[in-house]
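Working notes, beginning with the structure itself.
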Amino acid sequence: MAQPKPKFGGLAWTALILGIVGVCGSILPILNNATALAALVGLVLGVIALFGSRKVPAGLGAVLCALGVAATAVLQGPVVAEMDRVLSGAQQEQPPSSAPAPALRLPFGERHTWPKGRTISILPPVHYEETSQFSRPPEGRRHVQFDVSVRNGGDIAYNVINATITVTHNGRLAQQHFGAGDPIPVGQLPPGGEARYTVVFEIGAEPGELQVSVQPTFAAEETACFAGPI
(Lines give C-alpha, C1' and ligand atoms only; values in the text may rest on other atoms or scores of the structure.)
Protein backbone atom coordinates (compact mmCIF):
# COMPACT_ATOMS: atom_id res chain seq x y z
CA MET A 1 0.00 0.00 0.00
CA ALA A 2 1.47 3.43 -1.03
CA GLN A 3 2.50 5.80 1.73
CA PRO A 4 0.56 9.10 1.78
CA LYS A 5 2.55 12.04 0.45
CA PRO A 6 3.64 14.42 3.27
CA LYS A 7 1.57 17.59 3.29
CA PHE A 8 3.57 20.77 2.76
CA GLY A 9 6.81 18.81 2.96
CA GLY A 10 8.44 20.76 0.15
CA LEU A 11 7.57 24.08 1.79
CA ALA A 12 9.06 22.90 5.11
CA TRP A 13 12.42 21.94 3.58
CA THR A 14 12.48 25.12 1.45
CA ALA A 15 11.90 27.22 4.57
CA LEU A 16 14.73 25.41 6.33
CA ILE A 17 17.14 26.02 3.44
CA LEU A 18 16.18 29.68 3.17
CA GLY A 19 16.62 30.03 6.92
CA ILE A 20 20.16 28.70 6.73
CA VAL A 21 20.91 31.04 3.83
CA GLY A 22 19.45 33.99 5.74
CA VAL A 23 21.49 33.33 8.87
CA CYS A 24 24.76 32.71 7.01
CA GLY A 25 24.26 35.69 4.72
CA SER A 26 23.36 38.14 7.48
CA ILE A 27 27.07 38.82 8.15
CA LEU A 28 27.81 39.80 4.54
CA PRO A 29 27.37 43.55 3.89
CA ILE A 30 25.19 44.49 0.94
CA LEU A 31 24.59 40.82 0.05
CA ASN A 32 22.63 40.42 3.28
CA ASN A 33 19.85 42.49 1.74
CA ALA A 34 19.15 39.68 -0.71
CA THR A 35 19.53 36.90 1.89
CA ALA A 36 17.22 38.76 4.28
CA LEU A 37 14.61 38.95 1.54
CA ALA A 38 15.00 35.22 0.93
CA ALA A 39 14.67 34.57 4.67
CA LEU A 40 11.50 36.63 4.77
CA VAL A 41 10.01 34.46 2.02
CA GLY A 42 11.17 31.36 3.89
CA LEU A 43 9.47 32.60 7.06
CA VAL A 44 6.14 32.78 5.24
CA LEU A 45 6.66 29.31 3.77
CA GLY A 46 7.66 27.90 7.17
CA VAL A 47 4.54 29.24 8.84
CA ILE A 48 2.41 27.68 6.11
CA ALA A 49 4.31 24.40 6.41
CA LEU A 50 3.55 24.22 10.15
CA PHE A 51 0.04 23.16 9.17
CA GLY A 52 1.47 20.16 7.31
CA SER A 53 3.08 16.92 8.30
CA ARG A 54 6.72 18.17 8.42
CA LYS A 55 6.39 20.36 11.47
CA VAL A 56 9.96 19.95 12.74
CA PRO A 57 11.78 21.24 9.63
CA ALA A 58 9.00 23.78 9.13
CA GLY A 59 9.38 25.13 12.66
CA LEU A 60 13.16 25.09 12.50
CA GLY A 61 13.11 26.82 9.12
CA ALA A 62 10.72 29.52 10.37
CA VAL A 63 12.92 30.17 13.41
CA LEU A 64 16.09 30.38 11.31
CA CYS A 65 14.39 32.68 8.80
CA ALA A 66 13.24 35.02 11.55
CA LEU A 67 16.72 34.94 13.06
CA GLY A 68 18.30 35.76 9.67
CA VAL A 69 16.03 38.78 9.15
CA ALA A 70 16.65 40.04 12.69
CA ALA A 71 20.42 39.51 12.46
CA THR A 72 20.57 41.40 9.18
CA ALA A 73 18.68 44.35 10.66
CA VAL A 74 20.98 44.45 13.69
CA LEU A 75 24.23 44.09 11.73
CA GLN A 76 23.26 46.64 9.09
CA GLY A 77 22.81 49.41 11.66
CA PRO A 78 26.55 49.98 12.36
CA VAL A 79 27.39 49.57 8.67
CA VAL A 80 24.88 52.20 7.61
CA ALA A 81 26.04 54.55 10.38
CA GLU A 82 29.66 54.14 9.31
CA MET A 83 28.79 54.82 5.68
CA ASP A 84 26.90 57.95 6.68
CA ARG A 85 29.89 59.10 8.72
CA VAL A 86 32.29 58.54 5.82
CA LEU A 87 30.03 60.30 3.33
CA SER A 88 29.46 63.22 5.69
CA GLY A 89 33.20 63.55 6.22
CA ALA A 90 33.84 63.52 2.49
CA GLN A 91 31.26 66.24 1.94
CA GLN A 92 32.78 68.38 4.68
CA GLU A 93 36.26 67.99 3.18
CA GLN A 94 35.11 69.22 -0.20
CA PRO A 95 35.73 72.94 -0.65
CA PRO A 96 32.51 74.95 -0.76
CA SER A 97 31.38 75.77 -4.27
CA SER A 98 32.38 79.26 -5.18
CA ALA A 99 29.47 81.66 -5.48
CA PRO A 100 29.04 83.48 -8.78
CA ALA A 101 31.23 86.55 -8.94
CA PRO A 102 29.24 89.78 -8.52
CA ALA A 103 28.73 91.80 -11.66
CA LEU A 104 31.39 94.41 -12.32
CA ARG A 105 29.70 97.81 -12.12
CA LEU A 106 30.90 100.47 -14.59
CA PRO A 107 29.64 103.87 -15.75
CA PHE A 108 28.44 104.29 -19.32
CA GLY A 109 31.27 104.93 -21.72
CA GLU A 110 33.80 102.79 -19.86
CA ARG A 111 35.35 99.71 -21.45
CA HIS A 112 35.73 96.24 -20.02
CA THR A 113 37.98 93.48 -21.37
CA TRP A 114 37.27 89.80 -20.72
CA PRO A 115 40.02 87.14 -20.39
CA LYS A 116 39.84 86.14 -24.07
CA GLY A 117 40.47 89.69 -25.22
CA ARG A 118 36.90 90.76 -26.08
CA THR A 119 36.39 94.40 -25.09
CA ILE A 120 32.89 95.87 -24.88
CA SER A 121 31.71 99.35 -24.01
CA ILE A 122 28.16 100.66 -23.60
CA LEU A 123 27.91 104.30 -24.59
CA PRO A 124 25.60 106.66 -22.66
CA PRO A 125 21.93 106.07 -23.52
CA VAL A 126 19.83 108.77 -25.16
CA HIS A 127 16.15 109.24 -25.86
CA TYR A 128 14.92 107.61 -29.05
CA GLU A 129 12.10 109.33 -30.90
CA GLU A 130 9.96 106.91 -32.88
CA THR A 131 9.19 108.22 -36.36
CA SER A 132 6.14 106.03 -36.96
CA GLN A 133 3.06 106.53 -34.82
CA PHE A 134 2.29 102.83 -35.11
CA SER A 135 5.47 101.78 -33.32
CA ARG A 136 5.50 104.42 -30.63
CA PRO A 137 5.62 103.11 -27.05
CA PRO A 138 2.36 102.99 -25.08
CA GLU A 139 1.43 105.72 -22.64
CA GLY A 140 3.73 105.78 -19.66
CA ARG A 141 6.59 104.20 -21.62
CA ARG A 142 9.49 105.52 -23.71
CA HIS A 143 12.30 104.29 -25.94
CA VAL A 144 16.00 104.72 -25.24
CA GLN A 145 18.90 103.84 -27.48
CA PHE A 146 22.57 103.25 -26.87
CA ASP A 147 25.55 102.13 -28.92
CA VAL A 148 27.53 98.98 -28.20
CA SER A 149 31.21 99.19 -29.06
CA VAL A 150 33.07 95.89 -29.48
CA ARG A 151 36.75 95.18 -30.07
CA ASN A 152 38.21 91.72 -30.62
CA GLY A 153 41.58 91.61 -28.91
CA GLY A 154 41.75 87.82 -28.96
CA ASP A 155 43.58 85.41 -31.25
CA ILE A 156 40.51 84.05 -33.07
CA ALA A 157 37.57 85.59 -34.89
CA TYR A 158 34.61 86.76 -32.81
CA ASN A 159 31.01 87.40 -33.93
CA VAL A 160 29.31 90.25 -32.09
CA ILE A 161 25.99 88.38 -32.21
CA ASN A 162 27.35 86.14 -29.44
CA ALA A 163 27.21 88.98 -26.91
CA THR A 164 24.28 88.88 -24.48
CA ILE A 165 22.72 92.16 -23.31
CA THR A 166 20.14 92.47 -20.54
CA VAL A 167 18.58 95.84 -19.70
CA THR A 168 16.71 96.85 -16.55
CA HIS A 169 15.22 100.21 -15.58
CA ASN A 170 14.47 100.87 -11.94
CA GLY A 171 14.88 97.14 -11.33
CA ARG A 172 12.34 96.14 -14.00
CA LEU A 173 13.35 94.16 -17.05
CA ALA A 174 13.20 96.17 -20.27
CA GLN A 175 12.07 94.80 -23.63
CA GLN A 176 14.11 95.37 -26.76
CA HIS A 177 12.50 97.31 -29.59
CA PHE A 178 13.29 95.12 -32.58
CA GLY A 179 11.89 97.62 -35.05
CA ALA A 180 14.70 100.09 -34.55
CA GLY A 181 18.46 100.19 -34.41
CA ASP A 182 20.39 96.98 -35.13
CA PRO A 183 18.24 94.38 -33.35
CA ILE A 184 20.28 91.40 -34.56
CA PRO A 185 23.86 92.57 -35.11
CA VAL A 186 26.01 90.35 -37.28
CA GLY A 187 29.68 91.08 -37.56
CA GLN A 188 32.57 88.64 -37.76
CA LEU A 189 35.50 90.44 -36.20
CA PRO A 190 39.01 89.19 -36.95
CA PRO A 191 41.69 89.61 -34.29
CA GLY A 192 42.05 93.35 -33.78
CA GLY A 193 38.72 94.12 -35.49
CA GLU A 194 36.19 96.61 -34.11
CA ALA A 195 32.46 97.18 -34.59
CA ARG A 196 29.68 99.40 -33.27
CA TYR A 197 25.95 98.87 -33.41
CA THR A 198 22.83 100.47 -31.93
CA VAL A 199 20.05 98.87 -29.88
CA VAL A 200 16.76 100.34 -28.68
CA PHE A 201 14.83 99.34 -25.55
CA GLU A 202 11.45 100.25 -24.10
CA ILE A 203 11.50 101.49 -20.49
CA GLY A 204 9.22 103.36 -18.12
CA ALA A 205 8.59 107.09 -18.58
CA GLU A 206 9.65 107.91 -15.01
CA PRO A 207 13.31 108.82 -14.43
CA GLY A 208 15.51 106.19 -12.84
CA GLU A 209 18.64 104.09 -13.16
CA LEU A 210 19.28 102.17 -16.33
CA GLN A 211 21.46 99.05 -16.03
CA VAL A 212 22.91 97.24 -19.03
CA SER A 213 24.43 93.84 -18.17
CA VAL A 214 26.81 92.49 -20.81
CA GLN A 215 28.60 89.20 -21.46
CA PRO A 216 30.70 88.53 -24.60
CA THR A 217 29.27 84.98 -24.73
CA PHE A 218 26.43 83.20 -23.00
CA ALA A 219 28.83 81.11 -20.91
CA ALA A 220 31.13 83.94 -19.87
CA GLU A 221 32.10 83.78 -16.19
CA GLU A 222 32.03 87.55 -15.63
CA THR A 223 29.25 90.07 -16.21
CA ALA A 224 29.90 93.76 -16.74
CA CYS A 225 27.07 96.03 -15.62
CA PHE A 226 27.03 99.52 -17.11
CA ALA A 227 24.71 101.82 -15.15
CA GLY A 228 23.60 105.42 -14.93
CA PRO A 229 20.54 107.65 -14.58
CA ILE A 230 18.18 108.43 -17.43
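Residue names in the C-alpha coordinates use chain letters A, B, ... in the order shown, residue numbers from 1 in each chain, and ligand numbers from 1 in the order shown.
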Discussion item. Give me, as a ChimeraX atom specification, all polymer residues having an atom no more than 10 Å from Asn33 (chain A), counting only C-alpha atoms and skipping those fewer than 4 positions away in the same chain.
Written reply: /A:22,25-26,28-29,37-39,69,72-73,76
Worksheet item: Pro124 (chain A): which residues within 8 Å, counting only C-alpha atoms, same-chain residues fewer than 2 positions away excluded, as a list of chain:residue names?
Response: A:Phe108, A:Gly109, A:Ile122, A:Val126, A:Phe146, A:Asp147
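Once Leu123 (chain A) and its same-chain neighbours fewer than 5 positions away are set aside, Leu106, Pro107, Phe108, Gly109, Glu110, Arg111, Val144, Gln145, Phe146, Asp147, Val148, Ser149, Val150, Arg196, Tyr197, Thr198, Val199, Gln211, Val212, Phe226, Ala227 and Gly228 of chain A remain within 12 Å of it when counting only C-alpha atoms.
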Can I get the selection written as a tab-separated table (two decimals), in the first residue's frame, with N, CA, C and O atoms?
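File part-v5.tsv, as written:
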```
chain	number	residue	atom	x	y	z
A	106	LEU	N	30.14	99.45	-13.87
A	106	LEU	CA	30.90	100.47	-14.59
A	106	LEU	C	29.96	101.59	-15.04
A	106	LEU	O	28.77	101.35	-15.28
A	107	PRO	N	30.46	102.80	-15.18
A	107	PRO	CA	29.64	103.87	-15.75
A	107	PRO	C	29.57	103.73	-17.27
A	107	PRO	O	30.43	103.10	-17.89
A	108	PHE	N	28.55	104.31	-17.86
A	108	PHE	CA	28.44	104.29	-19.32
A	108	PHE	C	29.65	104.97	-19.94
A	108	PHE	O	30.14	105.99	-19.45
A	109	GLY	N	30.12	104.39	-21.02
A	109	GLY	CA	31.27	104.93	-21.72
A	109	GLY	C	32.57	104.25	-21.36
A	109	GLY	O	33.55	104.37	-22.10
A	110	GLU	N	32.60	103.54	-20.22
A	110	GLU	CA	33.80	102.79	-19.86
A	110	GLU	C	33.91	101.53	-20.71
A	110	GLU	O	32.95	101.07	-21.31
A	111	ARG	N	35.10	100.94	-20.72
A	111	ARG	CA	35.35	99.71	-21.45
A	111	ARG	C	35.69	98.60	-20.46
A	111	ARG	O	36.27	98.86	-19.40
A	144	VAL	N	14.64	104.19	-25.38
A	144	VAL	CA	16.00	104.72	-25.24
A	144	VAL	C	16.91	103.89	-26.15
A	144	VAL	O	16.65	102.71	-26.41
A	145	GLN	N	17.95	104.54	-26.63
A	145	GLN	CA	18.90	103.84	-27.48
A	145	GLN	C	20.31	104.06	-26.94
A	145	GLN	O	20.60	105.06	-26.28
A	146	PHE	N	21.16	103.10	-27.22
A	146	PHE	CA	22.57	103.25	-26.87
A	146	PHE	C	23.40	102.42	-27.84
A	146	PHE	O	22.92	101.44	-28.42
A	147	ASP	N	24.63	102.83	-28.03
A	147	ASP	CA	25.55	102.13	-28.92
A	147	ASP	C	26.38	101.14	-28.13
A	147	ASP	O	26.74	101.38	-26.97
A	148	VAL	N	26.67	100.01	-28.78
A	148	VAL	CA	27.53	98.98	-28.20
A	148	VAL	C	28.80	98.94	-29.03
A	148	VAL	O	28.76	98.72	-30.24
A	149	SER	N	29.92	99.20	-28.38
A	149	SER	CA	31.21	99.19	-29.06
A	149	SER	C	31.96	97.91	-28.68
A	149	SER	O	32.09	97.59	-27.50
A	150	VAL	N	32.42	97.19	-29.70
A	150	VAL	CA	33.07	95.89	-29.48
A	150	VAL	C	34.42	95.89	-30.18
A	150	VAL	O	34.55	96.33	-31.33
A	196	ARG	N	30.61	98.67	-34.13
A	196	ARG	CA	29.68	99.40	-33.27
A	196	ARG	C	28.28	99.25	-33.85
A	196	ARG	O	28.08	99.34	-35.06
A	197	TYR	N	27.34	98.99	-32.96
A	197	TYR	CA	25.95	98.87	-33.41
A	197	TYR	C	25.04	99.49	-32.36
A	197	TYR	O	25.43	99.75	-31.22
A	198	THR	N	23.79	99.75	-32.77
A	198	THR	CA	22.83	100.47	-31.93
A	198	THR	C	21.66	99.56	-31.57
A	198	THR	O	21.16	98.81	-32.43
A	199	VAL	N	21.23	99.61	-30.32
A	199	VAL	CA	20.05	98.87	-29.88
A	199	VAL	C	19.10	99.84	-29.19
A	199	VAL	O	19.52	100.86	-28.62
A	211	GLN	N	20.35	99.99	-16.17
A	211	GLN	CA	21.46	99.05	-16.03
A	211	GLN	C	21.52	98.17	-17.27
A	211	GLN	O	20.50	97.59	-17.67
A	212	VAL	N	22.69	98.08	-17.85
A	212	VAL	CA	22.91	97.24	-19.03
A	212	VAL	C	23.96	96.19	-18.67
A	212	VAL	O	25.14	96.52	-18.50
A	226	PHE	N	26.90	98.09	-16.88
A	226	PHE	CA	27.03	99.52	-17.11
A	226	PHE	C	25.75	100.20	-16.61
A	226	PHE	O	24.64	99.77	-16.96
A	227	ALA	N	25.89	101.22	-15.79
A	227	ALA	CA	24.71	101.82	-15.15
A	227	ALA	C	24.83	103.32	-15.09
A	227	ALA	O	25.92	103.89	-15.06
A	228	GLY	N	23.65	103.98	-15.05
A	228	GLY	CA	23.60	105.42	-14.93
A	228	GLY	C	22.17	105.89	-14.97
A	228	GLY	O	21.26	105.14	-15.35
```
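By only C-alpha atoms, and with residues fewer than 5 positions from Ser135 (chain A) along its chain excluded, the set lying at most 10 Å from it is Glu130, His177, Gly179 and Ala180 of chain A.
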Dump of all heavy atoms for the selected residues, as an mmCIF file, in the first residue's frame:
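Generated output (again03.cif):
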```cif
data_model
loop_
_atom_site.group_PDB
_atom_site.id
_atom_site.type_symbol
_atom_site.label_atom_id
_atom_site.label_comp_id
_atom_site.auth_asym_id
_atom_site.auth_seq_id
_atom_site.Cartn_x
_atom_site.Cartn_y
_atom_site.Cartn_z
ATOM 1 N N GLU A 130 10.513 107.789 -31.845
ATOM 2 C CA GLU A 130 9.959 106.915 -32.879
ATOM 3 C C GLU A 130 9.345 107.758 -33.982
ATOM 4 O O GLU A 130 8.566 108.681 -33.730
ATOM 5 C CB GLU A 130 8.911 105.976 -32.261
ATOM 6 C CG GLU A 130 8.385 104.936 -33.207
ATOM 7 C CD GLU A 130 9.471 103.997 -33.684
ATOM 8 O OE1 GLU A 130 10.042 103.285 -32.844
ATOM 9 O OE2 GLU A 130 9.731 103.997 -34.909
ATOM 10 N N HIS A 177 13.326 96.853 -28.472
ATOM 11 C CA HIS A 177 12.499 97.315 -29.588
ATOM 12 C C HIS A 177 13.174 96.835 -30.878
ATOM 13 O O HIS A 177 14.132 97.431 -31.363
ATOM 14 C CB HIS A 177 12.393 98.839 -29.551
ATOM 15 C CG HIS A 177 11.586 99.427 -30.655
ATOM 16 N ND1 HIS A 177 10.656 98.721 -31.375
ATOM 17 C CD2 HIS A 177 11.583 100.687 -31.188
ATOM 18 C CE1 HIS A 177 10.106 99.489 -32.295
ATOM 19 N NE2 HIS A 177 10.660 100.706 -32.196
ATOM 20 N N GLY A 179 12.177 96.875 -33.831
ATOM 21 C CA GLY A 179 11.891 97.618 -35.053
ATOM 22 C C GLY A 179 12.799 98.797 -35.266
ATOM 23 O O GLY A 179 12.585 99.572 -36.199
ATOM 24 N N ALA A 180 13.795 98.955 -34.425
ATOM 25 C CA ALA A 180 14.696 100.093 -34.547
ATOM 26 C C ALA A 180 16.115 99.654 -34.224
ATOM 27 O O ALA A 180 16.338 98.631 -33.573
ATOM 28 C CB ALA A 180 14.262 101.218 -33.606
#
```
Fill in: helix (DSSP H, G or I) residues, from DSSP on the backbone, in chain A, as a ChimeraX atom specification
/A:9-25,31-49,55-93,133-135,160-162
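Between Gly140 (chain A) and the candidates A:Val160, A:Ala205, A:Val41, A:Leu16, the tightest atom-to-atom separation, counting only C-alpha atoms, involves A:Ala205.
For the choices A:Ser53, A:Lys116, A:Pro137, A:Pro183, the atom-to-atom distance to Gly153 (chain A) is smallest for A:Lys116 when using only C-alpha atoms.
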Worksheet item: Can you tell me how far CA of Pro138 (chain A) sits from CA of Ile203 (chain A), in Å to one decimal?
Response: 10.3 Å
Worksheet item: Out of region 9-164 of chain A, which residues get strand (DSSP E) from DSSP, as a ChimeraX atom specification?
Response: /A:104-107,111-113,118-122,126-128,141-152,158-159,164
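Across the model, the gap from CA of Gly10 (chain A) to CA of Ala34 (chain A) is 21.8 Å.
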Worksheet item: Please, what distance in Å, to one decimal, runs between CA of Ile161 (chain A) and CA of Ala103 (chain A)?
Response: 21.0 Å
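Shortest separation to Leu67 (chain A) among A:Gly192, A:Gly9, A:Gly204, A:Gly19 occurs at residue A:Gly19, atoms counted being only C-alpha atoms.
Of the listed residues A:Thr223, A:Thr168, A:Ser132, A:Thr119, the one whose atoms come nearest to Leu210 (chain A) is A:Thr168, with distances taken using only C-alpha atoms.
Close contacts of Ile230 (chain A), defined as residues with an atom at most 9 Å away when counting only C-alpha atoms, with chain neighbours fewer than 4 positions off set aside, comprise Pro125, Val126, His127, Val144, His169, Glu206, Pro207, Gly208, Glu209 and Leu210 of chain A.
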Could you dump the residues just selected with N, CA, C and O atoms as a PDB file, in the first residue's frame?
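Below is the file again-v4.pdb, written as the result:
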```
ATOM      1  N   PRO A 125      23.213 106.171 -22.821  1.00  0.00           N
ATOM      2  CA  PRO A 125      21.935 106.072 -23.521  1.00  0.00           C
ATOM      3  C   PRO A 125      21.321 107.455 -23.764  1.00  0.00           C
ATOM      4  O   PRO A 125      21.550 108.401 -23.013  1.00  0.00           O
ATOM      5  N   VAL A 126      20.531 107.525 -24.826  1.00  0.00           N
ATOM      6  CA  VAL A 126      19.832 108.770 -25.160  1.00  0.00           C
ATOM      7  C   VAL A 126      18.394 108.433 -25.516  1.00  0.00           C
ATOM      8  O   VAL A 126      18.049 107.276 -25.800  1.00  0.00           O
ATOM      9  N   HIS A 127      17.547 109.439 -25.498  1.00  0.00           N
ATOM     10  CA  HIS A 127      16.147 109.240 -25.856  1.00  0.00           C
ATOM     11  C   HIS A 127      16.026 108.916 -27.339  1.00  0.00           C
ATOM     12  O   HIS A 127      16.707 109.496 -28.182  1.00  0.00           O
ATOM     13  N   VAL A 144      14.642 104.189 -25.378  1.00  0.00           N
ATOM     14  CA  VAL A 144      15.999 104.716 -25.243  1.00  0.00           C
ATOM     15  C   VAL A 144      16.910 103.893 -26.154  1.00  0.00           C
ATOM     16  O   VAL A 144      16.651 102.714 -26.412  1.00  0.00           O
ATOM     17  N   HIS A 169      15.425  98.800 -15.931  1.00  0.00           N
ATOM     18  CA  HIS A 169      15.224 100.207 -15.585  1.00  0.00           C
ATOM     19  C   HIS A 169      14.456 100.258 -14.284  1.00  0.00           C
ATOM     20  O   HIS A 169      13.348  99.726 -14.179  1.00  0.00           O
ATOM     21  N   GLU A 206       9.102 107.245 -16.195  1.00  0.00           N
ATOM     22  CA  GLU A 206       9.650 107.909 -15.015  1.00  0.00           C
ATOM     23  C   GLU A 206      11.173 107.846 -15.036  1.00  0.00           C
ATOM     24  O   GLU A 206      11.755 106.892 -15.546  1.00  0.00           O
ATOM     25  N   PRO A 207      11.833 108.844 -14.488  1.00  0.00           N
ATOM     26  CA  PRO A 207      13.306 108.817 -14.433  1.00  0.00           C
ATOM     27  C   PRO A 207      13.782 107.744 -13.458  1.00  0.00           C
ATOM     28  O   PRO A 207      13.083 107.367 -12.519  1.00  0.00           O
ATOM     29  N   GLY A 208      14.963 107.230 -13.701  1.00  0.00           N
ATOM     30  CA  GLY A 208      15.513 106.195 -12.840  1.00  0.00           C
ATOM     31  C   GLY A 208      16.850 105.708 -13.359  1.00  0.00           C
ATOM     32  O   GLY A 208      17.433 106.300 -14.284  1.00  0.00           O
ATOM     33  N   GLU A 209      17.330 104.637 -12.780  1.00  0.00           N
ATOM     34  CA  GLU A 209      18.636 104.093 -13.159  1.00  0.00           C
ATOM     35  C   GLU A 209      18.469 103.031 -14.235  1.00  0.00           C
ATOM     36  O   GLU A 209      17.656 102.114 -14.099  1.00  0.00           O
ATOM     37  N   LEU A 210      19.251 103.158 -15.261  1.00  0.00           N
ATOM     38  CA  LEU A 210      19.283 102.173 -16.332  1.00  0.00           C
ATOM     39  C   LEU A 210      20.530 101.311 -16.147  1.00  0.00           C
ATOM     40  O   LEU A 210      21.626 101.837 -15.971  1.00  0.00           O
TER      41      LEU A 210
END
```
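Residues within 9 Å of Pro57 (chain A), counting only C-alpha atoms and excluding same-chain residues fewer than 6 positions away, are Gly9, Ala12, Trp13, Ala15, Leu16, Gly46, Ala49 and Leu50 of chain A.
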Fill in: Near-Val47 (chain A) list (12 Å; only C-alpha atoms; drop same-chain fewer than 6 positions) as an MDAnalysis selection string
chainID A and resid 8 11:16 40:41 54:66
